[in-house]
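Below is start20.csv, which holds CSV, C-alpha atoms.
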```
chain,number,residue,atom,x,y,z
A,15,MET,CA,89.3,-4.1,162.9
A,16,ALA,CA,89.3,-0.8,164.9
A,17,ASP,CA,86.5,0.0,167.2
A,18,TYR,CA,84.8,3.1,165.8
A,19,SER,CA,81.8,3.1,168.1
A,20,THR,CA,83.0,5.6,170.7
A,21,ASP,CA,85.5,8.4,171.1
A,22,PRO,CA,87.8,8.6,174.1
A,23,SER,CA,85.1,10.4,176.2
A,24,GLY,CA,82.7,7.4,175.6
A,25,ARG,CA,80.3,9.3,173.3
A,26,HIS,CA,79.3,8.0,170.0
A,27,ALA,CA,81.6,9.2,167.2
A,28,LEU,CA,81.0,9.7,163.5
A,29,GLY,CA,83.2,6.7,162.7
A,30,GLY,CA,80.8,4.5,164.7
A,31,ALA,CA,77.9,5.7,162.8
A,32,ILE,CA,79.7,5.1,159.5
A,33,HIS,CA,80.6,1.6,160.6
A,34,ARG,CA,77.0,0.8,161.5
A,35,LEU,CA,75.7,2.2,158.2
A,36,SER,CA,78.3,0.5,156.1
A,37,VAL,CA,76.4,-2.7,156.0
A,38,GLN,CA,73.4,-0.9,154.5
A,39,TRP,CA,75.5,0.7,151.6
A,40,LYS,CA,73.4,-1.1,148.9
A,41,TYR,CA,70.2,0.8,150.1
A,42,PHE,CA,72.0,4.2,149.7
A,43,VAL,CA,73.3,3.2,146.2
A,44,GLY,CA,69.8,2.0,145.3
A,45,LEU,CA,68.2,5.2,146.5
A,46,GLY,CA,70.8,7.2,144.4
A,47,LEU,CA,70.1,5.1,141.3
A,48,LEU,CA,66.4,5.6,141.7
A,49,ALA,CA,66.7,9.3,142.1
A,50,THR,CA,69.1,9.5,139.1
A,51,LEU,CA,66.7,7.5,137.0
A,52,LEU,CA,63.8,9.7,138.0
A,53,GLY,CA,65.9,12.8,137.2
A,54,ALA,CA,66.7,11.4,133.8
A,55,ALA,CA,63.0,10.7,133.2
A,56,ALA,CA,62.2,14.3,134.4
A,57,LEU,CA,64.7,15.6,131.8
A,58,THR,CA,63.2,13.4,129.1
A,59,LEU,CA,59.7,14.4,129.9
A,60,VAL,CA,60.5,18.0,130.9
A,61,VAL,CA,57.0,19.5,130.2
A,62,ALA,CA,55.2,16.8,132.0
A,63,SER,CA,57.7,17.2,134.9
A,64,THR,CA,56.9,20.9,135.1
A,65,ILE,CA,53.2,20.2,135.2
A,66,VAL,CA,53.5,17.4,137.8
A,67,SER,CA,55.7,19.5,140.0
A,68,VAL,CA,53.3,22.5,139.8
A,69,VAL,CA,50.2,20.3,140.5
A,70,THR,CA,52.0,18.6,143.4
A,71,LEU,CA,52.8,22.1,144.9
A,72,GLY,CA,49.2,23.0,144.5
A,73,VAL,CA,48.1,19.9,146.4
A,74,PHE,CA,50.5,20.8,149.2
A,75,ILE,CA,49.2,24.4,149.3
A,76,VAL,CA,45.6,23.0,149.6
A,77,LEU,CA,46.6,20.7,152.4
A,78,SER,CA,48.3,23.6,154.2
A,79,GLY,CA,45.1,25.6,153.9
A,80,ILE,CA,43.1,22.8,155.3
A,81,GLY,CA,45.5,22.6,158.2
A,82,GLU,CA,45.1,26.3,158.9
A,83,VAL,CA,41.3,26.0,158.9
A,84,VAL,CA,41.6,23.1,161.4
A,85,ILE,CA,43.8,25.2,163.6
A,86,GLY,CA,41.4,28.1,163.3
A,87,THR,CA,38.5,26.0,164.5
A,88,ARG,CA,40.4,25.3,167.7
A,89,SER,CA,41.1,29.0,168.3
A,90,ARG,CA,39.8,30.5,171.5
A,91,SER,CA,39.2,34.0,170.3
A,92,TRP,CA,37.0,35.3,167.5
A,93,GLY,CA,39.7,37.4,166.0
A,94,ARG,CA,42.2,34.6,165.7
A,95,PHE,CA,39.4,32.3,164.6
A,96,PHE,CA,38.6,34.5,161.6
A,97,LEU,CA,42.3,35.2,160.7
A,98,TRP,CA,43.1,31.4,160.7
A,99,ILE,CA,40.0,30.6,158.7
A,100,LEU,CA,40.6,33.4,156.2
A,101,ALA,CA,44.3,32.5,155.8
A,102,GLY,CA,43.3,28.8,155.3
A,103,LEU,CA,40.6,29.6,152.8
A,104,LEU,CA,43.1,31.8,150.8
A,105,TYR,CA,45.6,29.0,150.8
A,106,ILE,CA,42.9,26.5,149.6
A,107,ALA,CA,41.8,28.9,146.9
A,108,ALA,CA,45.4,29.5,145.8
A,109,GLY,CA,46.2,25.8,145.7
A,110,ALA,CA,43.0,25.1,143.8
A,111,ALA,CA,43.9,27.8,141.2
A,112,VAL,CA,47.4,26.2,140.8
A,113,ILE,CA,45.8,22.8,140.3
A,114,ALA,CA,43.2,24.1,137.9
A,115,GLN,CA,45.7,26.2,135.8
A,116,PRO,CA,49.1,24.5,136.1
A,117,LEU,CA,50.5,26.2,133.0
A,118,PHE,CA,49.7,29.7,134.2
A,119,ALA,CA,51.0,28.7,137.7
A,120,ALA,CA,54.2,27.4,136.1
A,121,SER,CA,54.6,30.8,134.3
A,122,VAL,CA,54.2,32.6,137.6
A,123,PHE,CA,56.6,30.3,139.5
A,124,THR,CA,59.1,30.5,136.7
A,125,LEU,CA,59.0,34.3,136.9
A,126,LEU,CA,59.4,34.2,140.7
A,127,LEU,CA,62.3,31.7,140.3
A,128,GLY,CA,64.1,34.1,137.9
A,129,ALA,CA,63.5,37.0,140.2
A,130,GLY,CA,64.8,35.0,143.2
A,131,LEU,CA,67.9,33.9,141.3
A,132,VAL,CA,68.7,37.5,140.2
A,133,ALA,CA,68.2,38.8,143.7
A,134,THR,CA,70.3,36.0,145.3
A,135,GLY,CA,73.1,36.4,142.7
A,136,LEU,CA,73.3,40.2,143.2
A,137,ILE,CA,73.4,39.7,147.0
A,138,ARG,CA,76.3,37.2,146.5
A,139,VAL,CA,78.1,39.7,144.2
A,140,TRP,CA,77.7,42.5,146.8
A,141,LEU,CA,78.9,40.2,149.6
A,142,GLY,CA,81.9,39.1,147.5
A,143,LEU,CA,82.8,42.8,146.9
A,144,GLU,CA,82.4,43.5,150.7
A,145,LEU,CA,84.8,40.8,151.8
A,146,PRO,CA,87.9,42.1,153.4
A,147,PRO,CA,91.2,41.8,151.5
A,148,GLY,CA,92.8,38.4,151.7
A,149,GLN,CA,89.4,36.6,151.8
A,150,PRO,CA,88.4,34.2,149.0
A,151,SER,CA,86.1,36.6,147.3
A,152,GLY,CA,86.7,35.1,143.8
A,153,MET,CA,84.4,32.1,144.2
A,154,VAL,CA,81.7,34.2,145.9
A,155,LEU,CA,81.8,36.7,143.0
A,156,PHE,CA,81.8,33.8,140.4
A,157,SER,CA,78.9,32.1,142.2
A,158,GLY,CA,76.9,35.4,142.3
A,159,ALA,CA,77.6,36.1,138.6
A,160,ILE,CA,76.5,32.6,137.5
A,161,THR,CA,73.3,32.8,139.7
A,162,THR,CA,72.5,36.3,138.3
A,163,ALA,CA,73.1,35.2,134.7
A,164,LEU,CA,70.8,32.2,135.2
A,165,GLY,CA,68.0,34.4,136.5
A,166,VAL,CA,68.5,36.8,133.6
A,167,LEU,CA,68.3,33.9,131.1
A,168,ILE,CA,65.0,32.9,132.7
A,169,PHE,CA,63.7,36.5,132.4
A,170,ILE,CA,64.9,36.7,128.7
A,171,GLY,CA,63.1,33.5,127.8
A,172,TRP,CA,59.9,34.1,129.9
A,173,PRO,CA,57.1,33.2,129.4
A,174,GLY,CA,58.0,30.8,126.6
A,175,ASN,CA,60.4,28.9,128.9
A,176,SER,CA,57.8,28.4,131.6
A,177,LEU,CA,56.9,25.0,130.2
A,178,TYR,CA,60.3,23.5,130.8
A,179,VAL,CA,62.4,25.5,133.3
A,180,LEU,CA,60.8,24.0,136.4
A,181,GLY,CA,61.0,20.4,135.0
A,182,LEU,CA,64.6,21.0,133.9
A,183,MET,CA,65.5,22.2,137.4
A,184,LEU,CA,63.6,19.2,139.0
A,185,GLY,CA,65.4,16.7,136.7
A,186,LEU,CA,68.9,18.2,137.4
A,187,ASP,CA,68.2,18.4,141.1
A,188,LEU,CA,67.2,14.7,141.2
A,189,ILE,CA,70.2,13.7,139.2
A,190,PHE,CA,72.7,15.5,141.5
A,191,TYR,CA,70.7,14.2,144.6
A,192,GLY,CA,71.0,10.7,143.2
A,193,TRP,CA,74.8,11.0,142.5
A,194,GLY,CA,75.2,12.3,146.1
A,195,TRP,CA,73.6,9.2,147.5
A,196,ILE,CA,75.4,6.9,145.2
A,197,GLY,CA,78.7,8.5,146.3
A,198,PHE,CA,77.8,8.1,149.9
A,199,GLY,CA,76.8,4.5,149.4
A,200,LEU,CA,80.1,3.7,147.7
A,201,PHE,CA,82.0,5.5,150.4
A,202,LEU,CA,80.2,3.2,153.0
A,203,ARG,CA,81.0,0.2,150.9
A,204,ARG,CA,84.7,0.9,151.2
A,205,HIS,CA,84.2,0.8,155.0
A,206,THR,CA,82.5,-2.6,155.1
A,207,GLY,CA,85.8,-4.5,154.5
A,208,ARG,CA,84.1,-6.4,151.6
```

Produce structure tokens that represent the structure in this file.
Amino acid sequence: MADYSTDPSGRHALGGAIHRLSVQWKYFVGLGLLATLLGAAALTLVVASTIVSVVTLGVFIVLSGIGEVVIGTRSRSWGRFFLWILAGLLYIAAGAAVIAQPLFAASVFTLLLGAGLVATGLIRVWLGLELPPGQPSGMVLFSGAITTALGVLIFIGWPGNSLYVLGLMLGLDLIFYGWGWIGFGLFLRRHTGR
């Protein structure tokens, strides 16, 4: 078997890393299967997935606010002390509001997601149109058009779609994430020699 551990200069090469990871391929496939199953569960329970993801985000916002308050208490000037404390308290209040009203928060986040997708899609279309002749602008334009259309679909269905858009996106993301890890694990398996 070839030695993949170093390149001619003596530094570690990608082949060496793949060789070392290849014995662990089952863990990557297992992680991928778990993520895929969680994604399927999120798609099956799409409303619950939306609520859980929003509440989780609210918890992280509260924790960030607590962190800012702690940083503020260590500040050496009164101006910074009050700014850090104020920012932290606002974060805590926003996170608590998200936790207390997850359906309203899901509606706001869905609207923001739609706006972000439309803005991103339009920027991609503009960039695709600005590419010099001979550059592959077709895929950039196609990507921008699809992203813009997805954002417009969210706007058209809002606020009624707020109960399932975030859960649907979470489920699809977990499934694609899982497939990626499964593919990586199977790639590593081919390099084990077994």

Next item on the list: Compile the contact shell of Val166 in chain A as a list in words: residues with an atom at most 10 Å away, counting all atoms listed in the file, same-chain residues fewer than 6 positions apart removed.
Entry: Gly128, Ala129, Leu131, Val132, Ile160 and Trp172 of chain A

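Here the question is which of A:Val37, A:Val122, A:Leu103, A:Leu97 gets nearest to Val68 in chain A using all atoms listed in the file, and that residue is A:Val122.
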
Can you build me a table of range 49-92 of chain A residues sitting at most 10 Å from range 109-121 of chain A, with the closest atom pair per residue and its distance in Å to one decimal, using only C-alpha atoms, sorted by chain and residue number, as CSV?
```
residue,atom,partner,partner_atom,distance
A:Val61,CA,A:Leu117,CA,9.7
A:Thr64,CA,A:Ala120,CA,7.1
A:Ile65,CA,A:Pro116,CA,6.0
A:Val66,CA,A:Pro116,CA,8.5
A:Ser67,CA,A:Ala120,CA,8.9
A:Val68,CA,A:Pro116,CA,5.9
A:Val69,CA,A:Ile113,CA,5.1
A:Thr70,CA,A:Ile113,CA,8.1
A:Leu71,CA,A:Gly109,CA,7.6
A:Gly72,CA,A:Gly109,CA,4.3
A:Val73,CA,A:Gly109,CA,6.2
A:Phe74,CA,A:Gly109,CA,7.5
A:Ile75,CA,A:Gly109,CA,4.9
A:Val76,CA,A:Gly109,CA,4.8
A:Leu77,CA,A:Gly109,CA,8.4
A:Ser78,CA,A:Gly109,CA,9.0
A:Gly79,CA,A:Gly109,CA,8.3
```

Using all atoms listed in the file, can you list as an mmCIF file with C-alpha atoms, keeping the file's coordinate frame the residues within 9 Å of (59.2, 26.2, 129.4)?
```
data_model
loop_
_atom_site.group_PDB
_atom_site.id
_atom_site.type_symbol
_atom_site.label_atom_id
_atom_site.label_comp_id
_atom_site.auth_asym_id
_atom_site.auth_seq_id
_atom_site.Cartn_x
_atom_site.Cartn_y
_atom_site.Cartn_z
ATOM 1 C CA VAL A 60 60.500 18.000 130.900
ATOM 2 C CA VAL A 61 57.000 19.500 130.200
ATOM 3 C CA THR A 64 56.900 20.900 135.100
ATOM 4 C CA ALA A 120 54.200 27.400 136.100
ATOM 5 C CA SER A 121 54.600 30.800 134.300
ATOM 6 C CA THR A 124 59.100 30.500 136.700
ATOM 7 C CA GLY A 171 63.100 33.500 127.800
ATOM 8 C CA TRP A 172 59.900 34.100 129.900
ATOM 9 C CA PRO A 173 57.100 33.200 129.400
ATOM 10 C CA GLY A 174 58.000 30.800 126.600
ATOM 11 C CA ASN A 175 60.400 28.900 128.900
ATOM 12 C CA SER A 176 57.800 28.400 131.600
ATOM 13 C CA LEU A 177 56.900 25.000 130.200
ATOM 14 C CA TYR A 178 60.300 23.500 130.800
ATOM 15 C CA VAL A 179 62.400 25.500 133.300
ATOM 16 C CA LEU A 180 60.800 24.000 136.400
ATOM 17 C CA GLY A 181 61.000 20.400 135.000
ATOM 18 C CA LEU A 182 64.600 21.000 133.900
#
```

Checklist line | Atomic separation - CA of Val43 in chain A relative to CA of Thr58 in chain A, Å | finding: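 Computing the Euclidean distance for CA of Thr58 in chain A and CA of Val43 in chain A yields 22.3 Å.
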
Item checked: Atom-to-atom span, CA of Phe201 in chain A and CA of Ala54 in chain A, Å -> 23.3 Å

Margin query: I'd like the interatomic distance between CA of Gly53 in chain A and CA of Leu186 in chain A, to a tenth of an Å.
Written below: 6.2 Å

Next item on the list: Extract, using all atoms listed in the file, all DNA, RNA and protein residues at most 10 Å from range 161-165 of chain A, discarding same-chain residues fewer than 5 positions from it, and format them as JSON, numbers by chain.
Entry: {"A": [124, 125, 126, 127, 128, 129, 130, 131, 132, 133, 134, 135, 136, 137, 138, 139, 155, 156, 170]}

Export of the given selection (C-alpha atoms) as a JSON list (two decimals), keeping the file's coordinate frame:
```
[["chain", "number", "residue", "atom", "x", "y", "z"],
["A", 124, "THR", "CA", 59.10, 30.50, 136.70],
["A", 125, "LEU", "CA", 59.00, 34.30, 136.90],
["A", 126, "LEU", "CA", 59.40, 34.20, 140.70],
["A", 127, "LEU", "CA", 62.30, 31.70, 140.30],
["A", 128, "GLY", "CA", 64.10, 34.10, 137.90],
["A", 129, "ALA", "CA", 63.50, 37.00, 140.20],
["A", 130, "GLY", "CA", 64.80, 35.00, 143.20],
["A", 131, "LEU", "CA", 67.90, 33.90, 141.30],
["A", 132, "VAL", "CA", 68.70, 37.50, 140.20],
["A", 133, "ALA", "CA", 68.20, 38.80, 143.70],
["A", 134, "THR", "CA", 70.30, 36.00, 145.30],
["A", 135, "GLY", "CA", 73.10, 36.40, 142.70],
["A", 136, "LEU", "CA", 73.30, 40.20, 143.20],
["A", 137, "ILE", "CA", 73.40, 39.70, 147.00],
["A", 138, "ARG", "CA", 76.30, 37.20, 146.50],
["A", 139, "VAL", "CA", 78.10, 39.70, 144.20],
["A", 155, "LEU", "CA", 81.80, 36.70, 143.00],
["A", 156, "PHE", "CA", 81.80, 33.80, 140.40],
["A", 170, "ILE", "CA", 64.90, 36.70, 128.70]]
```

Notebook entry, point to check: Taking into account only C-alpha atoms, which residue in the set A:Ala56, A:Val83, A:Arg88, A:Gly192 is nearest to Leu100 in chain A?
Noted result: A:Val83
